[in-house]
>>> print(open('final-v8.pdb').read())   # PDB, C-alpha atoms
ATOM      1  CA  MET T  22      27.383  14.020   9.363
ATOM      2  CA  LEU T  23      30.891  14.249   7.954
ATOM      3  CA  GLU T  24      32.263  12.056  10.754
ATOM      4  CA  GLU T  25      29.498   9.508  10.259
ATOM      5  CA  LEU T  26      30.038   9.387   6.490
ATOM      6  CA  SER T  27      33.796   9.069   7.006
ATOM      7  CA  ALA T  28      33.190   6.154   9.363
ATOM      8  CA  HIS T  29      30.898   4.476   6.804
ATOM      9  CA  LEU T  30      33.483   4.922   4.055
ATOM     10  CA  GLN T  31      36.284   3.556   6.266
ATOM     11  CA  ASP T  32      34.138   0.548   7.209
ATOM     12  CA  ALA T  33      33.371  -0.060   3.543
ATOM     13  CA  GLN T  34      37.053   0.185   2.637
ATOM     14  CA  ALA T  35      37.924  -2.275   5.396
ATOM     15  CA  ALA T  36      35.307  -4.659   3.966
ATOM     16  CA  GLY T  37      36.854  -4.354   0.504
ATOM     17  CA  ARG T  38      34.216  -2.043  -0.998
ATOM     18  CA  THR T  39      34.784   1.296  -2.650
ATOM     19  CA  GLY T  40      33.226   4.661  -1.882
ATOM     20  CA  GLN T  41      31.208   4.272  -5.091
ATOM     21  CA  ASP T  42      29.568   1.157  -3.582
ATOM     22  CA  VAL T  43      28.461   3.156  -0.532
ATOM     23  CA  ILE T  44      27.389   6.384  -2.220
ATOM     24  CA  GLY T  45      26.168   5.010  -5.552
ATOM     25  CA  GLY T  46      26.239   6.675  -8.936
ATOM     26  CA  ASP T  47      24.417   9.893  -8.045
ATOM     27  CA  VAL T  48      25.798  11.984  -5.181
ATOM     28  CA  ARG T  49      22.719  14.262  -5.065
ATOM     29  CA  THR T  50      20.364  11.315  -4.664
ATOM     30  CA  PHE T  51      22.572   9.886  -1.928
ATOM     31  CA  ALA T  52      22.679  13.251  -0.132
ATOM     32  CA  ALA T  53      18.889  13.620  -0.312
ATOM     33  CA  ALA T  54      18.356  10.097   1.033
ATOM     34  CA  TRP T  55      20.927  10.732   3.768
ATOM     35  CA  ALA T  56      19.209  13.969   4.789
ATOM     36  CA  ARG T  57      15.768  12.297   4.845
ATOM     37  CA  ALA T  58      17.089   9.462   6.996
ATOM     38  CA  ARG T  59      18.639  11.923   9.456
ATOM     39  CA  THR T  60      15.490  14.042   9.782
ATOM     40  CA  PRO T  61      14.163  14.066  13.367
ATOM     41  CA  LEU T  62      11.435  11.507  14.051
ATOM     42  CA  PRO T  63       8.600  14.033  14.657
ATOM     43  CA  LEU T  64       9.223  15.647  11.253
ATOM     44  CA  ARG T  65       9.410  12.242   9.550
ATOM     45  CA  MET T  66       6.133  11.262  11.240
ATOM     46  CA  LEU T  67       4.454  14.478  10.039
ATOM     47  CA  ARG T  68       5.691  13.943   6.483
ATOM     48  CA  THR T  69       4.655  10.286   6.487
ATOM     49  CA  ALA T  70       1.191  11.017   7.893
ATOM     50  CA  SER T  71       0.667  13.820   5.375
ATOM     51  CA  LEU T  72       1.735  11.652   2.447
ATOM     52  CA  GLY T  73      -0.433   8.839   3.799
ATOM     53  CA  CYS T  74      -3.444  11.154   3.753
ATOM     54  CA  PHE T  75      -2.475  12.214   0.236
ATOM     55  CA  ALA T  76      -2.348   8.579  -0.915
ATOM     56  CA  ILE T  77      -5.726   7.819   0.702
ATOM     57  CA  GLY T  78      -7.224  10.895  -0.958
ATOM     58  CA  CYS T  79      -5.925   9.767  -4.353
ATOM     59  CA  LEU T  80      -7.337   6.275  -3.844
ATOM     60  CA  LEU T  81     -10.680   7.714  -2.783
ATOM     61  CA  LEU T  82     -10.833   9.963  -5.840
ATOM     62  CA  PHE T  83     -10.061   6.924  -7.978
ATOM     63  CA  SER T  84     -12.868   4.979  -6.237
ATOM     64  CA  TYR T  85     -15.345   7.809  -6.807
ATOM     65  CA  ALA T  86     -14.356   8.007 -10.470
ATOM     66  CA  ILE T  87     -14.632   4.250 -11.048
ATOM     67  CA  ARG T  88     -18.041   4.008  -9.406
ATOM     68  CA  TRP T  89     -19.167   7.365 -10.846
ATOM     69  CA  THR T  90     -20.717   8.394  -7.542
ATOM     70  CA  THR T  91     -20.540  11.230  -5.029
ATOM     71  CA  SER T  92     -20.548   9.039  -1.913
ATOM     72  CA  LEU T  93     -18.915   5.765  -0.945
ATOM     73  CA  ASP T  94     -20.280   3.173   1.464
ATOM     74  CA  ILE T  95     -17.617   2.120   3.988
ATOM     75  CA  THR T  96     -17.909  -1.383   5.485
ATOM     76  CA  PRO T  97     -15.967  -2.839   8.443
ATOM     77  CA  GLY T  98     -13.851  -5.006   6.121
ATOM     78  CA  GLN T  99     -12.856  -2.014   3.992
ATOM     79  CA  LEU T 100     -12.049   0.031   7.077
ATOM     80  CA  ALA T 101      -9.900  -2.763   8.525
ATOM     81  CA  PHE T 102      -8.117  -3.254   5.193
ATOM     82  CA  TRP T 103      -7.170   0.411   4.806
ATOM     83  CA  ALA T 104      -6.296   0.838   8.492
ATOM     84  CA  VAL T 105      -3.916  -2.145   8.473
ATOM     85  CA  LEU T 106      -2.482  -1.201   5.067
ATOM     86  CA  GLY T 107      -1.806   2.369   6.219
ATOM     87  CA  THR T 108      -0.402   1.337   9.579
ATOM     88  CA  ALA T 109       1.951  -1.227   8.067
ATOM     89  CA  THR T 110       3.121   1.180   5.363
ATOM     90  CA  VAL T 111       3.732   4.037   7.818
ATOM     91  CA  THR T 112       5.491   1.745  10.284
ATOM     92  CA  TRP T 113       7.743   0.423   7.521
ATOM     93  CA  GLU T 114       8.454   3.981   6.326
ATOM     94  CA  LEU T 115       9.411   5.194   9.792
ATOM     95  CA  ARG T 116      11.536   2.139  10.519
ATOM     96  CA  ARG T 117      13.446   2.168   7.238
ATOM     97  CA  GLY T 118      13.698   5.923   6.589
ATOM     98  CA  SER T 119      12.573   5.518   2.995
ATOM     99  CA  LEU T 120       9.623   3.869   1.353
ATOM    100  CA  GLY T 121      10.580   0.955  -0.874
ATOM    101  CA  ILE T 122       7.137   0.948  -2.424
ATOM    102  CA  ARG T 123       7.061  -2.617  -3.749
ATOM    103  CA  ARG T 124       8.350  -4.395  -0.675
ATOM    104  CA  SER T 125       6.526  -2.323   1.900
ATOM    105  CA  TRP T 126       3.183  -2.510   0.094
ATOM    106  CA  ALA T 127       3.598  -6.250  -0.461
ATOM    107  CA  LEU T 128       4.161  -6.632   3.282
ATOM    108  CA  ALA T 129       1.242  -4.328   4.030
ATOM    109  CA  LEU T 130      -1.066  -6.219   1.653
ATOM    110  CA  ALA T 131      -0.029  -9.509   3.224
ATOM    111  CA  ALA T 132      -1.232  -8.135   6.564
ATOM    112  CA  ALA T 133      -4.251  -6.135   5.307
ATOM    113  CA  LEU T 134      -6.008  -8.821   3.270
ATOM    114  CA  PRO T 135      -6.363 -11.336   6.129
ATOM    115  CA  ALA T 136      -7.412  -8.511   8.465
ATOM    116  CA  ALA T 137     -10.118  -7.408   6.015
ATOM    117  CA  LEU T 138     -11.390 -10.950   5.485
ATOM    118  CA  LEU T 139     -11.445 -11.687   9.201
ATOM    119  CA  THR T 140     -13.234  -8.414   9.969
ATOM    120  CA  GLU T 141     -15.746  -9.026   7.187
ATOM    121  CA  TRP T 142     -16.382 -12.509   8.532
ATOM    122  CA  LEU T 143     -16.755 -11.340  12.158
ATOM    123  CA  ALA T 144     -18.546  -8.006  11.710
ATOM    124  CA  GLY T 145     -20.470  -8.610   8.487
ATOM    125  CA  ASP T 146     -20.814  -6.283   5.543
ATOM    126  CA  ALA T 147     -23.130  -3.626   6.984
ATOM    127  CA  VAL T 148     -22.432  -0.038   5.954
ATOM    128  CA  LEU T 149     -20.681   1.896   8.732
ATOM    129  CA  LEU T 150     -20.761   5.295   7.083
ATOM    130  CA  GLU T 151     -21.131   7.105   3.793
ATOM    131  CA  LEU T 152     -18.093   9.105   2.716
ATOM    132  CA  PRO T 153     -18.981  12.213   0.675
ATOM    133  CA  LEU T 154     -16.979  13.365  -2.313
ATOM    134  CA  TRP T 155     -15.523  16.394  -0.509
ATOM    135  CA  ALA T 156     -13.601  14.084   1.865
ATOM    136  CA  ALA T 157     -11.099  13.099  -0.834
ATOM    137  CA  PRO T 158      -9.817  16.626  -1.641
ATOM    138  CA  LEU T 159      -9.730  17.356   2.088
ATOM    139  CA  LEU T 160      -7.381  14.393   2.548
ATOM    140  CA  LEU T 161      -5.227  15.512  -0.396
ATOM    141  CA  LEU T 162      -4.434  18.920   1.108
ATOM    142  CA  PRO T 163      -1.950  17.997   3.908
ATOM    143  CA  GLY T 164       0.278  15.940   1.629
ATOM    144  CA  LEU T 165       0.153  18.190  -1.415
ATOM    145  CA  PRO T 166       3.234  20.290  -0.501
ATOM    146  CA  TYR T 167       5.279  17.162   0.217
ATOM    147  CA  ALA T 168       4.140  15.474  -3.005
ATOM    148  CA  ILE T 169       5.035  18.544  -5.070
ATOM    149  CA  THR T 170       8.434  18.844  -3.368
ATOM    150  CA  ASP T 171       9.174  15.153  -3.957
ATOM    151  CA  ALA T 172       8.126  15.383  -7.610
ATOM    152  CA  ARG T 173      10.340  18.440  -8.158
ATOM    153  CA  ALA T 174      13.284  16.779  -6.419
ATOM    154  CA  LYS T 175      12.881  13.658  -8.553
ATOM    155  CA  LYS T 176      12.662  15.786 -11.721
ATOM    156  CA  ASN T 177      15.782  17.784 -10.746
ATOM    157  CA  SER T 178      17.760  14.639  -9.909
ATOM    158  CA  ARG T 179      17.008  13.216 -13.375
ATOM    159  CA  ALA T 180      18.140  16.446 -15.036
TER     160      ALA T 180
END
>>> encode(input="final-v8.pdb", output="structure tokens")
Amino acid sequence: MLEELSAHLQDAQAAGRTGQDVIGGDVRTFAAAWARARTPLPLRMLRTASLGCFAIGCLLLFSYAIRWTTSLDITPGQLAFWAVLGTATVTWELRRGSLGIRRSWALALAAALPAALLTEWLAGDAVLLELPLWAAPLLLLPGLPYAITDARAKKNSRA
């Protein structure tokens, strides 16, 4: 890692940039981002899938709370929307090494909305399945340790 960082700093210096331009204002944040980007692909995939399940669980809990119900009806259009949104977000996360939430979700929404509309048009709006309330906490569990770790790291970097 030291050799790679040295090479990056030398390349930046040759391009007329300073080390501050490469590393940024916070060395700890840079080191954490560097370590996340250098994590082996299987571990990044596990973390991304777990956090994806966590995000879906949060969205489901929000849907249950808004509708004030204990079961949700899932239609083909909804299923296509969430499948494409999740796939695009996870693919972007694995390709980039970090999730730029605004850009990656904008890209994912640009792909998910047409997929949902097309699926709704082709397959109709029949209910595929009913999702019970206990499914949301079950989806929250795999990503909970990662979410807590990320929240603590963000809190410590601010301090």
>>> atom_distance(input="final-v8.pdb", atom1="atom CA of Asp42 of chain T", atom2="atom CA of Arg65 of chain T")
26.5 Å
>>> residues_around(input="final-v8.pdb", residues="segment 106-114 of chain T", least_positions_apart="4", cutoff="12 Å", atoms="only C-alpha atoms", output="NGL selection string")
:T and (57-58 or 62 or 65-77 or 99-102 or 118-137)
>>> closest_residue(input="final-v8.pdb", among="T:Trp103, T:Asp146, T:Phe51, T:Asn177", to="Gly78 of chain T", atoms="all atoms listed in the file")
T:Trp103
>>> closest_residue(input="final-v8.pdb", among="T:Leu26, T:Leu138, T:Leu162, T:Val148", to="Gly98 of chain T", atoms="only C-alpha atoms")
T:Leu138
>>> residues_around(input="final-v8.pdb", residues="Leu82 of chain T", least_positions_apart="4", cutoff="9 Å", atoms="all atoms listed in the file", output="ChimeraX atom specification")
/T:77-78,86-87,154,157-158
>>> resolve_selection(input="final-v8.pdb", expression="the PyMOL selection byres ((chain T and resi 29) around 12)", output="count of residues only")
21
>>> axis_aligned_box(input="final-v8.pdb", around="segment 68-78 of chain T", padding_each_side="5 Å", output="AutoDock Vina command-line options")
--center_x -0.8 --center_y 10.9 --center_z 3.5 --size_x 22.9 --size_y 16.1 --size_z 18.9
>>> residues_around(input="final-v8.pdb", residues="Asp94 of chain T", least_positions_apart="2", cutoff="9 Å", atoms="only C-alpha atoms", output="list in words")
Ser92, Thr96, Val148, Leu149, Leu150, Glu151 and Leu152 of chain T
>>> closest_residue(input="final-v8.pdb", among="T:Ile169, T:Ala56, T:Arg179, T:Trp155", to="Thr90 of chain T", atoms="all atoms listed in the file")
T:Trp155
>>> atom_distance(input="final-v8.pdb", atom1="atom CA of Ala174 of chain T", atom2="atom CA of Ala54 of chain T")
11.2 Å
>>> atom_distance(input="final-v8.pdb", atom1="atom CA of Glu141 of chain T", atom2="atom CA of Leu159 of chain T")
27.5 Å
